[in-house]
file data.cif (mmCIF, C-alpha atoms)
data_input
#
loop_
_atom_site.group_PDB
_atom_site.id
_atom_site.type_symbol
_atom_site.label_atom_id
_atom_site.label_comp_id
_atom_site.auth_asym_id
_atom_site.auth_seq_id
_atom_site.Cartn_x
_atom_site.Cartn_y
_atom_site.Cartn_z
ATOM 1 C CA MET M 1 37.963 -45.634 81.209
ATOM 2 C CA SER M 2 36.529 -42.288 80.123
ATOM 3 C CA ALA M 3 33.785 -41.958 77.559
ATOM 4 C CA LEU M 4 34.603 -39.771 74.562
ATOM 5 C CA ALA M 5 30.988 -39.383 73.425
ATOM 6 C CA THR M 6 27.569 -40.880 74.017
ATOM 7 C CA ARG M 7 24.470 -40.985 71.852
ATOM 8 C CA CYS M 8 21.013 -42.293 72.613
ATOM 9 C CA LEU M 9 18.829 -43.816 69.939
ATOM 10 C CA SER M 10 15.214 -44.898 70.205
ATOM 11 C CA LEU M 11 14.561 -48.370 68.768
ATOM 12 C CA SER M 12 10.810 -48.737 68.393
ATOM 13 C CA GLU M 13 10.908 -52.386 67.287
ATOM 14 C CA GLU M 14 13.220 -55.289 66.496
ATOM 15 C CA ALA M 15 13.596 -54.030 62.918
ATOM 16 C CA ALA M 16 15.106 -50.787 64.276
ATOM 17 C CA THR M 17 17.695 -52.807 66.244
ATOM 18 C CA GLU M 18 18.561 -54.702 63.065
ATOM 19 C CA ALA M 19 18.800 -51.407 61.137
ATOM 20 C CA LEU M 20 21.288 -50.078 63.699
ATOM 21 C CA ALA M 21 23.368 -53.226 63.204
ATOM 22 C CA ARG M 22 23.311 -52.768 59.420
ATOM 23 C CA ARG M 23 24.555 -49.191 59.877
ATOM 24 C CA LEU M 24 27.410 -50.387 62.114
ATOM 25 C CA ALA M 25 28.551 -53.224 59.835
ATOM 26 C CA PRO M 26 30.321 -51.184 57.125
ATOM 27 C CA LEU M 27 32.127 -49.224 59.838
ATOM 28 C CA ALA M 28 33.555 -52.347 61.488
ATOM 29 C CA VAL M 29 34.088 -54.209 58.210
ATOM 30 C CA PRO M 30 34.526 -51.535 55.526
ATOM 31 C CA PRO M 31 33.581 -52.800 52.049
ATOM 32 C CA SER M 32 36.369 -50.671 50.533
ATOM 33 C CA GLY M 33 38.992 -52.631 52.458
ATOM 34 C CA GLY M 34 39.824 -49.950 55.014
ATOM 35 C CA PRO M 35 40.892 -50.856 58.564
ATOM 36 C CA ALA M 36 38.509 -53.514 59.822
ATOM 37 C CA GLY M 37 37.824 -54.827 63.280
ATOM 38 C CA GLY M 38 37.108 -53.377 66.666
ATOM 39 C CA ARG M 39 35.542 -54.233 70.003
ATOM 40 C CA ILE M 40 31.885 -53.769 70.806
ATOM 41 C CA HIS M 41 30.437 -54.514 74.241
ATOM 42 C CA LEU M 42 26.707 -55.191 74.497
ATOM 43 C CA ARG M 43 24.843 -54.654 77.745
ATOM 44 C CA GLY M 44 21.236 -55.030 78.748
ATOM 45 C CA GLU M 45 18.776 -57.262 80.527
ATOM 46 C CA LEU M 46 17.840 -60.684 79.212
ATOM 47 C CA GLY M 47 15.741 -60.261 76.080
ATOM 48 C CA ALA M 48 16.781 -56.636 75.504
ATOM 49 C CA GLY M 49 18.063 -57.404 71.994
ATOM 50 C CA LYS M 50 21.812 -57.946 72.356
ATOM 51 C CA THR M 51 21.889 -61.186 70.375
ATOM 52 C CA THR M 52 19.444 -59.757 67.805
ATOM 53 C CA LEU M 53 21.822 -56.853 67.222
ATOM 54 C CA VAL M 54 24.852 -59.178 66.946
ATOM 55 C CA ARG M 55 23.118 -61.531 64.504
ATOM 56 C CA ALA M 56 22.049 -58.643 62.271
ATOM 57 C CA LEU M 57 25.552 -57.149 62.430
ATOM 58 C CA LEU M 58 27.193 -60.448 61.479
ATOM 59 C CA ARG M 59 24.697 -60.926 58.617
ATOM 60 C CA ALA M 60 25.398 -57.398 57.360
ATOM 61 C CA CYS M 61 29.131 -58.138 57.521
ATOM 62 C CA GLY M 62 28.590 -61.064 55.154
ATOM 63 C CA ILE M 63 28.238 -64.076 57.432
ATOM 64 C CA THR M 64 25.987 -66.665 55.839
ATOM 65 C CA GLY M 65 24.576 -69.823 57.348
ATOM 66 C CA ARG M 66 23.461 -70.329 60.904
ATOM 67 C CA ILE M 67 24.512 -67.766 63.494
ATOM 68 C CA LYS M 68 24.297 -69.406 66.897
ATOM 69 C CA SER M 69 24.145 -67.704 70.257
ATOM 70 C CA PRO M 70 27.302 -68.407 72.279
ATOM 71 C CA SER M 71 25.341 -68.670 75.541
ATOM 72 C CA TYR M 72 26.543 -72.223 76.195
ATOM 73 C CA ALA M 73 29.666 -72.469 74.044
ATOM 74 C CA LEU M 74 30.787 -69.002 75.292
ATOM 75 C CA LEU M 75 32.373 -68.248 71.896
ATOM 76 C CA GLU M 76 31.283 -68.457 68.281
ATOM 77 C CA SER M 77 33.851 -67.480 65.664
ATOM 78 C CA TYR M 78 33.476 -66.568 62.000
ATOM 79 C CA LYS M 79 35.809 -65.515 59.220
ATOM 80 C CA ILE M 80 35.310 -63.199 56.258
ATOM 81 C CA SER M 81 38.255 -63.048 53.900
ATOM 82 C CA ASN M 82 41.150 -62.506 56.335
ATOM 83 C CA LEU M 83 39.075 -60.955 59.151
ATOM 84 C CA TYR M 84 38.017 -62.944 62.185
ATOM 85 C CA LEU M 85 34.766 -62.093 63.940
ATOM 86 C CA TYR M 86 34.268 -63.326 67.501
ATOM 87 C CA HIS M 87 30.976 -63.345 69.395
ATOM 88 C CA LEU M 88 31.380 -63.979 73.113
ATOM 89 C CA ASP M 89 28.752 -64.277 75.829
ATOM 90 C CA PHE M 90 29.908 -63.957 79.437
ATOM 91 C CA TYR M 91 26.451 -64.382 80.993
ATOM 92 C CA ARG M 92 27.310 -67.688 82.665
ATOM 93 C CA PHE M 93 30.500 -66.353 84.296
ATOM 94 C CA SER M 94 30.330 -65.925 88.052
ATOM 95 C CA ASP M 95 33.895 -64.653 88.448
ATOM 96 C CA ALA M 96 35.518 -61.903 86.367
ATOM 97 C CA ARG M 97 38.645 -64.032 85.815
ATOM 98 C CA GLU M 98 36.747 -66.862 84.108
ATOM 99 C CA TRP M 99 37.171 -65.305 80.667
ATOM 100 C CA LEU M 100 40.930 -65.303 81.203
ATOM 101 C CA ASP M 101 40.867 -68.932 82.352
ATOM 102 C CA ALA M 102 38.897 -69.786 79.202
ATOM 103 C CA GLY M 103 41.799 -68.419 77.113
ATOM 104 C CA PHE M 104 39.931 -65.581 75.430
ATOM 105 C CA ARG M 105 42.612 -62.897 75.940
ATOM 106 C CA ASP M 106 44.333 -63.831 72.668
ATOM 107 C CA ILE M 107 41.301 -63.017 70.522
ATOM 108 C CA LEU M 108 41.031 -59.428 71.773
ATOM 109 C CA ARG M 109 43.019 -58.154 68.816
ATOM 110 C CA ASP M 110 42.597 -54.856 66.983
ATOM 111 C CA ASP M 111 42.442 -56.656 63.639
ATOM 112 C CA ALA M 112 39.404 -58.777 64.615
ATOM 113 C CA LEU M 113 35.819 -57.775 65.263
ATOM 114 C CA VAL M 114 35.054 -58.815 68.845
ATOM 115 C CA LEU M 115 31.467 -58.626 70.099
ATOM 116 C CA ILE M 116 30.983 -59.317 73.819
ATOM 117 C CA GLU M 117 27.616 -59.763 75.499
ATOM 118 C CA TRP M 118 27.545 -59.310 79.290
ATOM 119 C CA PRO M 119 31.029 -57.686 79.471
ATOM 120 C CA GLU M 120 30.287 -56.572 83.043
ATOM 121 C CA ARG M 121 30.877 -60.215 84.090
ATOM 122 C CA ALA M 122 34.581 -59.601 83.339
ATOM 123 C CA GLU M 123 34.569 -56.012 84.582
ATOM 124 C CA GLY M 124 37.950 -54.452 85.166
ATOM 125 C CA LEU M 125 39.818 -57.155 83.250
ATOM 126 C CA LEU M 126 38.726 -56.333 79.696
ATOM 127 C CA PRO M 127 40.349 -53.572 77.684
ATOM 128 C CA PRO M 128 37.977 -50.694 76.927
ATOM 129 C CA PRO M 129 35.682 -51.308 73.972
ATOM 130 C CA ASP M 130 35.650 -49.060 70.966
ATOM 131 C CA LEU M 131 31.906 -48.875 71.415
ATOM 132 C CA ASP M 132 29.646 -49.900 74.286
ATOM 133 C CA ILE M 133 25.992 -50.445 73.417
ATOM 134 C CA GLU M 134 23.493 -50.667 76.248
ATOM 135 C CA LEU M 135 19.969 -51.732 75.314
ATOM 136 C CA VAL M 136 17.288 -50.669 77.788
ATOM 137 C CA TYR M 137 13.579 -51.451 77.724
ATOM 138 C CA ALA M 138 11.514 -48.370 76.862
ATOM 139 C CA GLY M 139 7.811 -49.201 76.702
ATOM 140 C CA SER M 140 7.325 -51.669 73.862
ATOM 141 C CA GLY M 141 10.665 -50.677 72.300
ATOM 142 C CA ARG M 142 14.225 -50.081 73.426
ATOM 143 C CA GLN M 143 16.660 -47.257 73.963
ATOM 144 C CA ALA M 144 20.180 -47.846 72.695
ATOM 145 C CA LEU M 145 22.855 -45.932 74.565
ATOM 146 C CA LEU M 146 26.015 -45.942 72.437
ATOM 147 C CA THR M 147 29.219 -44.839 74.146
ATOM 148 C CA ALA M 148 32.568 -44.413 72.399
ATOM 149 C CA TYR M 149 35.721 -45.099 74.422
ATOM 150 C CA THR M 150 38.341 -44.945 71.654
ATOM 151 C CA ALA M 151 39.072 -42.850 68.574
ATOM 152 C CA ARG M 152 37.717 -45.715 66.472
ATOM 153 C CA GLY M 153 34.466 -45.771 68.466
ATOM 154 C CA LEU M 154 34.178 -41.994 68.187
ATOM 155 C CA SER M 155 34.605 -42.198 64.411
ATOM 156 C CA TRP M 156 31.832 -44.835 64.326
ATOM 157 C CA LEU M 157 29.466 -42.610 66.329
ATOM 158 C CA THR M 158 30.233 -39.691 64.019
ATOM 159 C CA ALA M 159 29.711 -41.823 60.902
ATOM 160 C CA LEU M 160 26.379 -43.168 62.196
ATOM 161 C CA ASN M 161 25.134 -39.590 61.770
ATOM 162 C CA PHE M 162 22.320 -39.675 64.310
ATOM 163 C CA PRO M 163 19.315 -37.468 63.659
ATOM 164 C CA PRO M 164 19.254 -34.505 66.098
ATOM 165 C CA GLU M 165 16.341 -35.932 68.118
ATOM 166 C CA ALA M 166 18.257 -39.227 68.598
ATOM 167 C CA SER M 167 21.352 -37.628 70.115
ATOM 168 C CA GLY M 168 21.821 -37.577 73.825
#

call {"tool": "encode", "arguments": {"input": "data.cif", "output": "structure tokens"}}
result
Amino acid sequence: MSALATRCLSLSEEAATEALARRLAPLAVPPSGGPAGGRIHLRGELGAGKTTLVRALLRACGITGRIKSPSYALLESYKISNLYLYHLDFYRFSDAREWLDAGFRDILRDDALVLIEWPERAEGLLPPPDLDIELVYAGSGRQALLTAYTARGLSWLTALNFPPEASG
């Protein structure tokens, strides 16, 4: 799996992580009814902000009500109009094949938005994401390393229009 492009963004506080999510939302779920969906992998240590980013993204996509972390259930699913949104968390997996045994292969569709935390726990068995987001501690803030692996992911990176000092 070869990266097409990578950008680095400094996230000084939680609000900056949420702002990134709000910028991603209309790309994955276009308000004009364009092609929706995609796969986003989220990496980072515990507490780095993966679930914060997902919650803000789902909110910006129009999900109302409680947004639970799938840490124990492994999967939380949502629906907006005719688009399914799936939030998976593979943290508890000890074997890469566990996600297959859990029956999650069928939800990895191009016409759904699939957000996977801890994708490295299923390394080598998942298709490449459109966008991989790694959140890394940087002082009191975070660095977000966004890597596009597909044409869709590349179009998202381009549309995010990073300021010159944020590009890496």

call {"tool": "resolve_selection", "arguments": {"input": "data.cif", "expression": "the PyMOL selection byres ((chain M and resi 125) around 12)", "output": "ChimeraX atom specification"}}
result
/M:1,95-101,104-105,108,119-124,126-129

call {"tool": "closest_residue", "arguments": {"input": "data.cif", "among": "M:Ala144, M:Leu57, M:Ala36, M:Leu27", "to": "M:Leu9", "atoms": "only C-alpha atoms"}}
result
M:Ala144

call {"tool": "resolve_selection", "arguments": {"input": "data.cif", "expression": "the PyMOL selection byres ((chain M and resi 110) around 12)", "output": "list in words"}}
result
Ala28, Pro35, Ala36, Gly37, Gly38, Arg39, Ile40, Leu83, Tyr84, Leu85, Tyr86, Asp106, Ile107, Leu108, Arg109, Asp111, Ala112, Leu113, Val114, Pro127, Pro128, Pro129, Asp130, Thr150 and Arg152 of chain M

call {"tool": "residues_around", "arguments": {"input": "data.cif", "residues": "M:Val54", "least_positions_apart": "2", "cutoff": "12 Å", "atoms": "all atoms listed in the file", "output": "number ranges by chain"}}
result
M: 17-22, 24-25, 40-43, 49-52, 56-61, 63, 67-70, 76, 85-89, 113-117, 133

call {"tool": "atom_distance", "arguments": {"input": "data.cif", "atom1": "atom CA of M:Leu160", "atom2": "atom CA of M:Ser81"}}
result
24.6 Å

call {"tool": "axis_aligned_box", "arguments": {"input": "data.cif", "around": "stretch 7-10 of chain M", "padding_each_side": "5 Å", "output": "lines of an AutoDock Vina configuration file"}}
result
center_x = 19.8
center_y = -42.9
center_z = 71.3
size_x = 19.3
size_y = 13.9
size_z = 12.7

call {"tool": "atom_distance", "arguments": {"input": "data.cif", "atom1": "atom CA of M:Ala48", "atom2": "atom CA of M:Gly141"}}
result
9.1 Å

call {"tool": "closest_residue", "arguments": {"input": "data.cif", "among": "M:Arg55, M:Arg142, M:Arg7, M:Arg92", "to": "M:Trp118", "atoms": "all atoms listed in the file"}}
result
M:Arg92

call {"tool": "closest_residue", "arguments": {"input": "data.cif", "among": "M:Leu131, M:Leu145, M:Ala159, M:Leu154", "to": "M:Cys8", "atoms": "only C-alpha atoms"}}
result
M:Leu145

call {"tool": "closest_residue", "arguments": {"input": "data.cif", "among": "M:Leu4, M:Ile80, M:Leu135, M:Leu53", "to": "M:Ser155", "atoms": "only C-alpha atoms"}}
result
M:Leu4

call {"tool": "atom_distance", "arguments": {"input": "data.cif", "atom1": "atom CA of M:Phe90", "atom2": "atom CA of M:Ala3"}}
result
22.4 Å

call {"tool": "closest_residue", "arguments": {"input": "data.cif", "among": "M:Gly153, M:Gly47, M:Gly62, M:Gly103", "to": "M:Val136", "atoms": "all atoms listed in the file"}}
result
M:Gly47

call {"tool": "residues_around", "arguments": {"input": "data.cif", "residues": "M:Thr147", "least_positions_apart": "5", "cutoff": "6 Å", "atoms": "only C-alpha atoms", "output": "list in words"}}
result
Ala5, Thr6, Leu131 and Asp132 of chain M

call {"tool": "build_atoms", "arguments": {"input": "data.cif", "residues": "stretch 98-111 of chain M", "atoms": "N, CA, C and O atoms", "output": "PDB file, keeping the file's coordinate frame"}}
result
ATOM      1  N   GLU M  98      37.084 -65.674  84.896  1.00  0.00           N
ATOM      2  CA  GLU M  98      36.747 -66.862  84.108  1.00  0.00           C
ATOM      3  C   GLU M  98      37.054 -66.694  82.627  1.00  0.00           C
ATOM      4  O   GLU M  98      37.443 -67.652  81.965  1.00  0.00           O
ATOM      5  N   TRP M  99      36.896 -65.493  82.087  1.00  0.00           N
ATOM      6  CA  TRP M  99      37.171 -65.305  80.667  1.00  0.00           C
ATOM      7  C   TRP M  99      38.659 -65.461  80.391  1.00  0.00           C
ATOM      8  O   TRP M  99      39.050 -65.931  79.325  1.00  0.00           O
ATOM      9  N   LEU M 100      39.491 -65.089  81.359  1.00  0.00           N
ATOM     10  CA  LEU M 100      40.930 -65.303  81.203  1.00  0.00           C
ATOM     11  C   LEU M 100      41.251 -66.789  81.248  1.00  0.00           C
ATOM     12  O   LEU M 100      42.021 -67.303  80.436  1.00  0.00           O
ATOM     13  N   ASP M 101      40.645 -67.488  82.218  1.00  0.00           N
ATOM     14  CA  ASP M 101      40.867 -68.932  82.352  1.00  0.00           C
ATOM     15  C   ASP M 101      40.410 -69.682  81.106  1.00  0.00           C
ATOM     16  O   ASP M 101      40.951 -70.737  80.775  1.00  0.00           O
ATOM     17  N   ALA M 102      39.404 -69.145  80.414  1.00  0.00           N
ATOM     18  CA  ALA M 102      38.897 -69.786  79.202  1.00  0.00           C
ATOM     19  C   ALA M 102      39.820 -69.535  78.001  1.00  0.00           C
ATOM     20  O   ALA M 102      39.624 -70.112  76.937  1.00  0.00           O
ATOM     21  N   GLY M 103      40.824 -68.668  78.170  1.00  0.00           N
ATOM     22  CA  GLY M 103      41.799 -68.419  77.113  1.00  0.00           C
ATOM     23  C   GLY M 103      41.369 -67.411  76.066  1.00  0.00           C
ATOM     24  O   GLY M 103      41.875 -67.420  74.945  1.00  0.00           O
ATOM     25  N   PHE M 104      40.456 -66.515  76.414  1.00  0.00           N
ATOM     26  CA  PHE M 104      39.931 -65.581  75.430  1.00  0.00           C
ATOM     27  C   PHE M 104      40.797 -64.325  75.228  1.00  0.00           C
ATOM     28  O   PHE M 104      40.551 -63.556  74.307  1.00  0.00           O
ATOM     29  N   ARG M 105      41.794 -64.111  76.054  1.00  0.00           N
ATOM     30  CA  ARG M 105      42.612 -62.897  75.940  1.00  0.00           C
ATOM     31  C   ARG M 105      43.224 -62.760  74.544  1.00  0.00           C
ATOM     32  O   ARG M 105      43.306 -61.663  73.993  1.00  0.00           O
ATOM     33  N   ASP M 106      43.647 -63.868  73.959  1.00  0.00           N
ATOM     34  CA  ASP M 106      44.333 -63.831  72.668  1.00  0.00           C
ATOM     35  C   ASP M 106      43.464 -63.364  71.509  1.00  0.00           C
ATOM     36  O   ASP M 106      43.989 -62.929  70.485  1.00  0.00           O
ATOM     37  N   ILE M 107      42.149 -63.445  71.631  1.00  0.00           N
ATOM     38  CA  ILE M 107      41.301 -63.017  70.522  1.00  0.00           C
ATOM     39  C   ILE M 107      40.942 -61.534  70.586  1.00  0.00           C
ATOM     40  O   ILE M 107      40.335 -61.018  69.656  1.00  0.00           O
ATOM     41  N   LEU M 108      41.331 -60.860  71.642  1.00  0.00           N
ATOM     42  CA  LEU M 108      41.031 -59.428  71.773  1.00  0.00           C
ATOM     43  C   LEU M 108      42.063 -58.612  70.994  1.00  0.00           C
ATOM     44  O   LEU M 108      42.820 -57.835  71.550  1.00  0.00           O
ATOM     45  N   ARG M 109      42.055 -58.804  69.700  1.00  0.00           N
ATOM     46  CA  ARG M 109      43.019 -58.154  68.816  1.00  0.00           C
ATOM     47  C   ARG M 109      42.349 -57.002  68.086  1.00  0.00           C
ATOM     48  O   ARG M 109      41.149 -57.030  67.827  1.00  0.00           O
ATOM     49  N   ASP M 110      43.143 -56.006  67.717  1.00  0.00           N
ATOM     50  CA  ASP M 110      42.597 -54.856  66.983  1.00  0.00           C
ATOM     51  C   ASP M 110      42.183 -55.214  65.568  1.00  0.00           C
ATOM     52  O   ASP M 110      41.381 -54.524  64.961  1.00  0.00           O
ATOM     53  N   ASP M 111      42.750 -56.287  65.017  1.00  0.00           N
ATOM     54  CA  ASP M 111      42.442 -56.656  63.639  1.00  0.00           C
ATOM     55  C   ASP M 111      41.365 -57.743  63.558  1.00  0.00           C
ATOM     56  O   ASP M 111      41.267 -58.461  62.568  1.00  0.00           O
TER      57      ASP M 111
END
